[in-house]
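Data from upload01.cif: mmCIF, C-alpha atoms and all ligand atoms
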```
data_data
#
loop_
_atom_site.label_atom_id
_atom_site.label_comp_id
_atom_site.auth_asym_id
_atom_site.auth_seq_id
_atom_site.Cartn_x
_atom_site.Cartn_y
_atom_site.Cartn_z
CA MET V 1 0.00 0.00 0.00
CA GLY V 2 1.65 3.21 -1.20
CA ILE V 3 0.96 6.49 0.60
CA VAL V 4 -0.28 9.70 -1.04
CA ASN V 5 -0.81 12.49 1.51
CA VAL V 6 -2.70 15.43 -0.01
CA THR V 7 -1.97 17.53 3.07
CA PRO V 8 0.12 20.54 4.05
CA ASP V 9 1.21 18.99 7.35
CA SER V 10 1.85 15.23 7.12
CA PHE V 11 4.94 14.34 9.11
CA SER V 12 7.23 13.14 6.32
CA ASP V 13 5.78 14.46 3.06
CA GLY V 14 3.43 17.28 4.13
CA GLY V 15 3.05 19.93 1.43
CA ARG V 16 4.72 17.90 -1.32
CA PHE V 17 1.52 16.64 -2.94
CA LEU V 18 -0.97 19.34 -2.06
CA GLU V 19 -1.49 20.16 -5.75
CA HIS V 20 -3.80 17.57 -7.31
CA GLY V 21 -1.53 17.08 -10.31
CA ASP V 22 1.46 16.32 -8.07
CA ALA V 23 -0.57 13.91 -5.94
CA ILE V 24 -1.92 12.07 -8.98
CA ALA V 25 1.55 11.79 -10.52
CA HIS V 26 2.90 10.49 -7.22
CA GLY V 27 0.14 7.87 -6.91
CA ARG V 28 0.80 6.76 -10.48
CA ARG V 29 4.52 6.45 -9.70
CA LEU V 30 3.80 4.34 -6.61
CA ALA V 31 1.65 2.00 -8.71
CA GLU V 32 4.44 1.73 -11.30
CA ASP V 33 6.84 0.98 -8.44
CA GLY V 34 4.67 -2.02 -7.60
CA ALA V 35 2.05 -0.84 -5.13
CA ASP V 36 -1.06 -3.05 -5.30
CA LEU V 37 -3.01 -0.31 -3.60
CA VAL V 38 -2.58 3.46 -3.22
CA ASP V 39 -3.85 5.11 0.00
CA VAL V 40 -5.03 8.69 -0.51
CA GLY V 41 -5.45 10.88 2.58
CA GLY V 42 -6.39 14.52 3.10
CA GLU V 43 -6.10 14.85 6.87
CA SER V 44 -2.84 14.44 8.76
CA THR V 45 -3.01 12.21 11.81
CA ARG V 46 0.41 13.21 13.07
CA PRO V 47 0.56 13.74 16.83
CA GLY V 48 -0.87 17.16 17.62
CA ALA V 49 -2.40 17.67 14.12
CA GLU V 50 -5.45 19.90 13.89
CA PRO V 51 -8.64 18.32 12.49
CA VAL V 52 -9.74 19.18 8.94
CA GLY V 53 -13.38 19.78 7.94
CA ALA V 54 -15.12 17.38 5.55
CA GLU V 55 -15.42 19.96 2.78
CA GLU V 56 -11.69 20.74 2.73
CA GLU V 57 -10.83 17.04 3.00
CA ARG V 58 -13.10 16.25 0.02
CA ARG V 59 -11.55 19.08 -1.97
CA ARG V 60 -8.11 17.60 -1.36
CA VAL V 61 -8.75 13.92 -2.00
CA ILE V 62 -11.70 13.34 -4.36
CA PRO V 63 -10.04 14.52 -7.62
CA VAL V 64 -7.00 12.39 -6.75
CA VAL V 65 -9.07 9.28 -5.98
CA GLU V 66 -11.07 9.79 -9.17
CA ALA V 67 -8.04 10.19 -11.43
CA LEU V 68 -6.11 7.23 -10.00
CA ALA V 69 -9.14 4.91 -9.96
CA ALA V 70 -9.89 5.87 -13.58
CA GLU V 71 -6.42 4.61 -14.49
CA GLY V 72 -7.26 1.21 -12.99
CA ILE V 73 -5.24 1.74 -9.81
CA VAL V 74 -6.81 0.23 -6.69
CA VAL V 75 -7.37 3.15 -4.33
CA SER V 76 -8.03 3.30 -0.62
CA VAL V 77 -9.23 6.48 1.04
CA ASP V 78 -7.67 7.34 4.39
CA THR V 79 -10.51 9.05 6.23
CA THR V 80 -12.62 8.84 9.37
CA LYS V 81 -15.61 10.62 7.81
CA ALA V 82 -18.57 9.17 5.90
CA ALA V 83 -18.96 12.56 4.20
CA VAL V 84 -15.55 12.02 2.60
CA ALA V 85 -15.71 8.26 2.09
CA ARG V 86 -19.07 8.41 0.26
CA PRO V 87 -17.85 10.53 -2.67
CA ALA V 88 -14.52 8.66 -2.63
CA LEU V 89 -16.33 5.33 -3.05
CA GLU V 90 -18.48 6.86 -5.80
CA ALA V 91 -15.26 8.08 -7.45
CA GLY V 92 -13.93 4.51 -7.50
CA ALA V 93 -12.16 3.87 -4.18
CA ALA V 94 -12.28 0.20 -3.22
CA VAL V 95 -11.01 0.41 0.36
CA VAL V 96 -11.86 2.63 3.34
CA ASN V 97 -8.87 3.08 5.64
CA ASP V 98 -10.24 4.42 8.92
CA VAL V 99 -7.68 5.12 11.66
CA SER V 100 -10.59 5.43 14.11
CA ALA V 101 -12.02 2.00 13.22
CA PHE V 102 -15.55 3.43 12.73
CA ARG V 103 -15.57 5.22 16.10
CA VAL V 104 -15.47 8.83 14.85
CA ASP V 105 -18.29 8.18 12.37
CA PRO V 106 -20.12 4.87 12.96
CA GLU V 107 -22.16 5.53 9.80
CA LEU V 108 -19.04 4.75 7.81
CA ALA V 109 -19.55 1.05 8.58
CA GLY V 110 -22.92 0.81 6.84
CA LEU V 111 -21.59 2.89 3.97
CA THR V 112 -18.65 0.50 3.52
CA ALA V 113 -21.05 -2.44 3.62
CA ALA V 114 -23.43 -0.93 1.06
CA ALA V 115 -20.56 -0.13 -1.31
CA GLY V 116 -19.17 -3.66 -1.07
CA ALA V 117 -15.85 -2.08 -0.09
CA THR V 118 -13.05 -3.42 2.07
CA CYS V 119 -12.13 -1.58 5.28
CA VAL V 120 -8.99 -1.19 7.35
CA LEU V 121 -9.80 -0.89 11.05
CA MET V 122 -6.91 0.57 13.04
CA HIS V 123 -6.21 0.83 16.76
CA MET V 124 -5.58 4.27 18.25
CA LEU V 125 -5.51 5.24 21.91
CA GLY V 126 -7.17 8.64 22.29
CA GLU V 127 -7.21 11.03 19.33
CA PRO V 128 -4.40 12.50 17.21
CA ARG V 129 -4.28 15.80 19.11
CA THR V 130 -3.51 14.11 22.44
CA MET V 131 -2.60 10.50 21.70
CA GLN V 132 1.11 10.81 22.49
CA ASP V 133 0.50 12.34 25.95
CA ASP V 134 1.78 9.52 28.15
CA PRO V 135 0.00 6.49 26.64
CA ARG V 136 -0.28 3.56 29.08
CA TYR V 137 -1.30 -0.10 28.77
CA ASP V 138 -1.08 -3.12 31.07
CA ASP V 139 -0.41 -5.35 28.06
CA VAL V 140 -0.38 -3.37 24.83
CA VAL V 141 -0.70 -6.40 22.52
CA ALA V 142 -3.60 -7.96 24.42
CA GLU V 143 -5.41 -4.62 24.62
CA VAL V 144 -4.92 -3.82 20.93
CA ALA V 145 -6.08 -7.34 19.97
CA ALA V 146 -9.20 -7.06 22.15
CA PHE V 147 -10.00 -3.65 20.65
CA LEU V 148 -9.60 -4.92 17.07
CA GLU V 149 -11.75 -7.95 17.81
CA GLU V 150 -14.50 -5.69 19.15
CA ARG V 151 -14.30 -3.34 16.14
CA LEU V 152 -14.36 -6.32 13.75
CA ALA V 153 -17.56 -7.53 15.46
CA PHE V 154 -19.04 -4.02 15.13
CA ALA V 155 -18.25 -3.88 11.41
CA VAL V 156 -19.74 -7.32 10.83
CA ALA V 157 -22.88 -6.36 12.81
CA GLU V 158 -23.22 -3.33 10.51
CA GLY V 159 -23.15 -5.60 7.46
CA VAL V 160 -19.50 -5.61 6.36
CA PRO V 161 -18.59 -9.22 5.53
CA GLU V 162 -15.73 -10.45 7.72
CA SER V 163 -13.81 -11.25 4.53
CA ARG V 164 -13.74 -7.50 3.78
CA VAL V 165 -12.11 -6.42 7.05
CA TRP V 166 -8.38 -5.87 7.53
CA LEU V 167 -6.90 -5.05 10.95
CA ASP V 168 -4.06 -2.69 11.89
CA PRO V 169 -2.40 -2.30 15.33
CA GLY V 170 -1.78 1.41 14.64
CA ILE V 171 1.96 1.83 15.08
CA GLY V 172 2.61 5.28 16.61
CA PHE V 173 -1.03 6.02 17.45
CA GLY V 174 -1.07 6.48 21.23
CA LYS V 175 2.03 4.33 21.73
CA THR V 176 5.53 4.82 23.08
CA SER V 177 8.50 3.43 21.15
CA GLU V 178 8.48 0.43 23.49
CA HIS V 179 4.77 -0.18 22.78
CA ASN V 180 5.48 -0.07 19.02
CA LEU V 181 8.34 -2.55 19.38
CA GLU V 182 6.27 -4.89 21.54
CA LEU V 183 3.47 -4.85 18.94
CA LEU V 184 5.94 -5.70 16.18
CA ARG V 185 7.62 -8.37 18.30
CA ARG V 186 4.28 -10.05 19.02
CA LEU V 187 2.46 -9.22 15.77
CA ASP V 188 1.62 -12.92 15.38
CA GLU V 189 -0.94 -12.40 18.19
CA ILE V 190 -2.73 -9.81 16.03
CA ALA V 191 -2.50 -12.08 12.97
CA ALA V 192 -4.11 -14.82 15.09
CA LEU V 193 -7.37 -12.83 14.93
CA GLY V 194 -7.66 -14.38 11.47
CA ARG V 195 -7.90 -11.25 9.33
CA PRO V 196 -5.23 -9.71 7.07
CA VAL V 197 -2.92 -7.49 9.15
CA VAL V 198 -1.97 -4.03 7.86
CA ILE V 199 1.22 -2.52 9.27
CA GLY V 200 2.32 1.11 9.04
CA THR V 201 5.82 1.84 10.30
CA SER V 202 7.02 3.90 7.33
CA ARG V 203 9.43 6.68 8.43
CA LYS V 204 7.72 6.92 11.83
CA SER V 205 9.37 8.68 14.74
CA PHE V 206 10.23 5.57 16.80
CA LEU V 207 12.58 4.65 13.91
CA GLY V 208 14.14 8.10 14.28
CA ARG V 209 14.59 7.59 18.01
CA LEU V 210 16.34 4.24 17.42
CA THR V 211 18.61 5.46 14.60
CA GLY V 212 18.98 9.17 15.29
CA ARG V 213 17.74 9.96 11.78
CA GLY V 214 15.16 12.41 10.39
CA GLU V 215 12.16 11.34 8.27
CA GLU V 216 14.11 11.08 5.03
CA GLY V 217 16.77 8.85 6.62
CA ARG V 218 14.46 6.17 7.97
CA LEU V 219 14.25 3.83 4.98
CA ALA V 220 16.52 1.21 6.56
CA GLY V 221 14.42 1.18 9.72
CA THR V 222 11.28 0.98 7.58
CA LEU V 223 12.71 -2.02 5.72
CA ALA V 224 13.71 -3.82 8.92
CA THR V 225 10.31 -3.43 10.53
CA ASN V 226 8.33 -4.40 7.43
CA VAL V 227 10.41 -7.55 6.91
CA MET V 228 9.89 -8.53 10.54
CA ALA V 229 6.18 -7.81 10.25
CA LEU V 230 6.01 -10.08 7.18
CA GLU V 231 7.67 -12.85 9.14
CA ARG V 232 5.09 -12.44 11.91
CA GLY V 233 2.09 -12.60 9.57
CA ALA V 234 1.39 -9.09 8.23
CA SER V 235 0.16 -8.97 4.63
CA VAL V 236 -0.43 -5.28 3.86
CA PHE V 237 2.48 -2.82 4.24
CA ARG V 238 1.62 0.88 4.23
CA VAL V 239 4.76 2.67 3.01
CA HIS V 240 6.13 5.77 1.30
CA ASP V 241 9.02 3.89 -0.41
CA VAL V 242 7.17 1.28 -2.42
CA ALA V 243 9.98 0.06 -4.70
CA GLU V 244 12.48 -0.48 -1.87
CA VAL V 245 10.07 -2.09 0.56
CA GLY V 246 8.65 -4.23 -2.26
CA ASP V 247 12.11 -5.61 -3.03
CA ALA V 248 12.82 -6.31 0.65
CA LEU V 249 9.50 -8.12 1.04
CA ARG V 250 10.01 -10.17 -2.14
CA VAL V 251 13.41 -11.34 -0.93
CA ALA V 252 12.29 -11.96 2.64
CA GLY V 253 9.19 -13.74 1.37
CA ALA V 254 11.30 -16.04 -0.82
CA VAL V 255 13.40 -16.99 2.21
CA LEU V 256 10.33 -17.64 4.33
CA ARG V 257 8.76 -19.86 1.70
N1 LIG V 301 -0.42 5.80 9.66
C1 LIG V 301 -0.64 7.09 9.26
C2 LIG V 301 -1.82 7.40 8.57
N2 LIG V 301 -2.74 6.45 8.26
N3 LIG V 301 -3.43 4.19 8.32
C3 LIG V 301 -3.22 2.92 8.71
N4 LIG V 301 -4.11 1.96 8.40
N5 LIG V 301 -2.09 2.56 9.41
C4 LIG V 301 -1.14 3.47 9.76
O1 LIG V 301 -0.15 3.10 10.43
C5 LIG V 301 -1.33 4.84 9.36
C6 LIG V 301 -2.52 5.17 8.64
C7 LIG V 301 0.37 8.15 9.55
O2 LIG V 301 1.32 8.26 8.54
P1 LIG V 301 1.31 9.31 7.33
O3 LIG V 301 0.11 9.14 6.45
O4 LIG V 301 2.59 9.18 6.63
O5 LIG V 301 1.30 10.73 8.03
P2 LIG V 301 0.11 11.75 8.37
O6 LIG V 301 -0.91 11.06 9.20
O7 LIG V 301 0.84 12.84 9.10
O8 LIG V 301 -0.49 12.20 7.08
#
```

Would you mind writing the file out in C-alpha cells?
Ligand code: HH2
Amino acid sequence: MGIVNVTPDSFSDGGRFLEHGDAIAHGRRLAEDGADLVDVGGESTRPGAEPVGAEEERRRVIPVVEALAAEGIVVSVDTTKAAVARPALEAGAAVVNDVSAFRVDPELAGLTAAAGATCVLMHMLGEPRTMQDDPRYDDVVAEVAAFLEERLAFAVAEGVPESRVWLDPGIGFGKTSEHNLELLRRLDEIAALGRPVVIGTSRKSFLGRLTGRGEEGRLAGTLATNVMALERGASVFRVHDVAEVGDALRVAGAVLR
C-alpha cells in the first residue's frame, strides 16, 4: 500500500503533494513501483495535528481518488468521515482506511457495507491531538487485539462481511516506542485474529529515536520493521518507499517460503 498524503502537514511528506496534479503523478509512480493499492489521505493524523473539515478534505482527495481509480489503480481512502468516504467510493475507491475503526463516524460502517468495499480498522488510543501524551497499557498487545476484535464484530454487525475487514495495530497512534516494538515483536498475536494485518511503520518517529535519523533517513528502519512484520504474519504494508520495501518483502518472502 503506497501512501499519497494530499496535506500541508503530514509528518514526512506534508506539502509535497498538495497540488492535485502532483498527488496524482505520485500515486501513479507508486503504482508503477509495484504498489497493489494506493492510499489517498487529506487529513494528517500526526501527533498534535489539527482536524480538517469534511469539505476541505473532500476538496483535497476526491479529484486524486477519481483520477487514479480511472487509471485502474486500486485506491483506498484514508478518512474517518462518511462525508468524505461516500464521494470517494463513488469516485472509484475500493477500500476505506479508517484510523478510528468506525468510532469517529459509525455511519461509515454501513456505507462501507453498502458499497461492497473493504475496510482497514486501526487501533488508536485517544485522538491524534492528544494520543502521544503519556500512553499507558497493562499489556499493549492484548489490549490492541481485544479492541480490534470488538471493532471487527461491530463492522460485521453493521453488514461488512468479515472477509472485507483488515486489521491494523496502529503503530505510533497512542504508543511509546516500546509499545510499538512490543506490537511488532508479538504481531503474530494480532494475525491470530484471522484477518489480514496491515502494518504502518514507514518513516515513523520511533525509527528516528532508534537510529537518530530524520524522516528522510528512515528507509533502513522501515525495511527492517516491514520484513519482521512479514515474518510475523502481516500482509499489507503501508509505506512511502514502495519500490524499496517491495524488493525487501520479495526477498524476505522467498526466504520464508
Ligand atoms: N499511519 C498514518 C496514517 N494512516 N493508516 C493505517 N491503516 N495505518 C497506519 O499506520 C497509518 C494510517 C500516519 O502516517 P502518514 O500518512 O505518513 O502521516 P500523516 O498522518 O501525518 O499524514

Selected residue of minimal separation from ligand LIG 301 (chain V) among V:Val165, V:Leu210, V:Val120, V:Ala91, counting all atoms listed in the file: V:Val120

Coordinates-based distance that separates CA of Thr211 in chain V from CA of Thr7 in chain V (Å, one decimal):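 Going from CA of Thr7 in chain V over to CA of Thr211 in chain V, I get 26.5 Å.
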
Find the smallest box with edges along x, y and z containing every listed atom of ligand LIG 301 (chain V), then add 3 Å on each side and report centre and edge lengths in Å to one decimal, as JSON.
```
{"center_x": -0.8, "center_y": 7.4, "center_z": 8.4, "size_x": 12.7, "size_y": 16.9, "size_z": 10.0}
```

Separation of CA of Arg250 in chain V from CA of Arg232 in chain V, in Å and rounded to one decimal: 15.1 Å

Expected selection as JSON, numbers by chain for ligand LIG 301 (chain V) within 6 Å, all atoms listed in the file: {"V": [5, 10, 11, 44, 45, 46, 97, 99, 120, 122, 168, 170, 171, 199, 200]}

Nearest to Val77 in chain V by atom-to-atom distance, counting all atoms listed in the file, from V:Ala49, V:Ala224, V:Ala114, V:Met1: V:Met1

Could N, CA, C and O atoms be built for range 68-83 of chain V and written out as an mmCIF file, in the coordinates of the input?
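Result file out26.cif:
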```cif
data_model
loop_
_atom_site.group_PDB
_atom_site.id
_atom_site.type_symbol
_atom_site.label_atom_id
_atom_site.label_comp_id
_atom_site.auth_asym_id
_atom_site.auth_seq_id
_atom_site.Cartn_x
_atom_site.Cartn_y
_atom_site.Cartn_z
ATOM 1 N N LEU V 68 -6.879 8.474 -10.138
ATOM 2 C CA LEU V 68 -6.110 7.230 -10.000
ATOM 3 C C LEU V 68 -6.996 6.016 -10.273
ATOM 4 O O LEU V 68 -6.591 5.080 -10.969
ATOM 5 N N ALA V 69 -8.226 6.034 -9.741
ATOM 6 C CA ALA V 69 -9.140 4.910 -9.960
ATOM 7 C C ALA V 69 -9.456 4.767 -11.449
ATOM 8 O O ALA V 69 -9.540 3.648 -11.980
ATOM 9 N N ALA V 70 -9.588 5.900 -12.148
ATOM 10 C CA ALA V 70 -9.890 5.870 -13.580
ATOM 11 C C ALA V 70 -8.766 5.221 -14.379
ATOM 12 O O ALA V 70 -8.977 4.709 -15.479
ATOM 13 N N GLU V 71 -7.560 5.247 -13.807
ATOM 14 C CA GLU V 71 -6.420 4.610 -14.490
ATOM 15 C C GLU V 71 -6.295 3.138 -14.125
ATOM 16 O O GLU V 71 -5.316 2.484 -14.484
ATOM 17 N N GLY V 72 -7.274 2.633 -13.344
ATOM 18 C CA GLY V 72 -7.260 1.210 -12.990
ATOM 19 C C GLY V 72 -6.440 0.906 -11.747
ATOM 20 O O GLY V 72 -6.199 -0.259 -11.433
ATOM 21 N N ILE V 73 -6.014 1.951 -11.044
ATOM 22 C CA ILE V 73 -5.240 1.740 -9.810
ATOM 23 C C ILE V 73 -6.231 1.488 -8.670
ATOM 24 O O ILE V 73 -7.250 2.174 -8.564
ATOM 25 N N VAL V 74 -5.940 0.491 -7.841
ATOM 26 C CA VAL V 74 -6.810 0.230 -6.690
ATOM 27 C C VAL V 74 -6.505 1.296 -5.638
ATOM 28 O O VAL V 74 -5.352 1.483 -5.240
ATOM 29 N N VAL V 75 -7.549 1.996 -5.226
ATOM 30 C CA VAL V 75 -7.370 3.150 -4.330
ATOM 31 C C VAL V 75 -8.049 2.896 -2.994
ATOM 32 O O VAL V 75 -9.171 2.394 -2.941
ATOM 33 N N SER V 76 -7.358 3.243 -1.915
ATOM 34 C CA SER V 76 -8.030 3.300 -0.620
ATOM 35 C C SER V 76 -8.066 4.753 -0.196
ATOM 36 O O SER V 76 -7.206 5.556 -0.565
ATOM 37 N N VAL V 77 -9.112 5.106 0.557
ATOM 38 C CA VAL V 77 -9.230 6.480 1.040
ATOM 39 C C VAL V 77 -9.016 6.461 2.548
ATOM 40 O O VAL V 77 -9.643 5.696 3.274
ATOM 41 N N ASP V 78 -8.052 7.280 2.984
ATOM 42 C CA ASP V 78 -7.670 7.340 4.390
ATOM 43 C C ASP V 78 -8.494 8.440 5.044
ATOM 44 O O ASP V 78 -8.144 9.620 4.968
ATOM 45 N N THR V 79 -9.621 8.061 5.634
ATOM 46 C CA THR V 79 -10.510 9.050 6.230
ATOM 47 C C THR V 79 -11.283 8.437 7.389
ATOM 48 O O THR V 79 -11.470 7.218 7.436
ATOM 49 N N THR V 80 -11.750 9.312 8.290
ATOM 50 C CA THR V 80 -12.620 8.840 9.370
ATOM 51 C C THR V 80 -14.067 9.287 9.131
ATOM 52 O O THR V 80 -14.929 9.017 9.961
ATOM 53 N N LYS V 81 -14.306 9.974 8.015
ATOM 54 C CA LYS V 81 -15.610 10.620 7.810
ATOM 55 C C LYS V 81 -16.412 9.992 6.666
ATOM 56 O O LYS V 81 -15.912 9.888 5.544
ATOM 57 N N ALA V 82 -17.691 9.670 6.949
ATOM 58 C CA ALA V 82 -18.570 9.170 5.900
ATOM 59 C C ALA V 82 -18.747 10.217 4.802
ATOM 60 O O ALA V 82 -18.849 9.872 3.623
ATOM 61 N N ALA V 83 -18.741 11.487 5.181
ATOM 62 C CA ALA V 83 -18.960 12.560 4.200
ATOM 63 C C ALA V 83 -17.793 12.685 3.212
ATOM 64 O O ALA V 83 -17.926 13.336 2.188
#
```
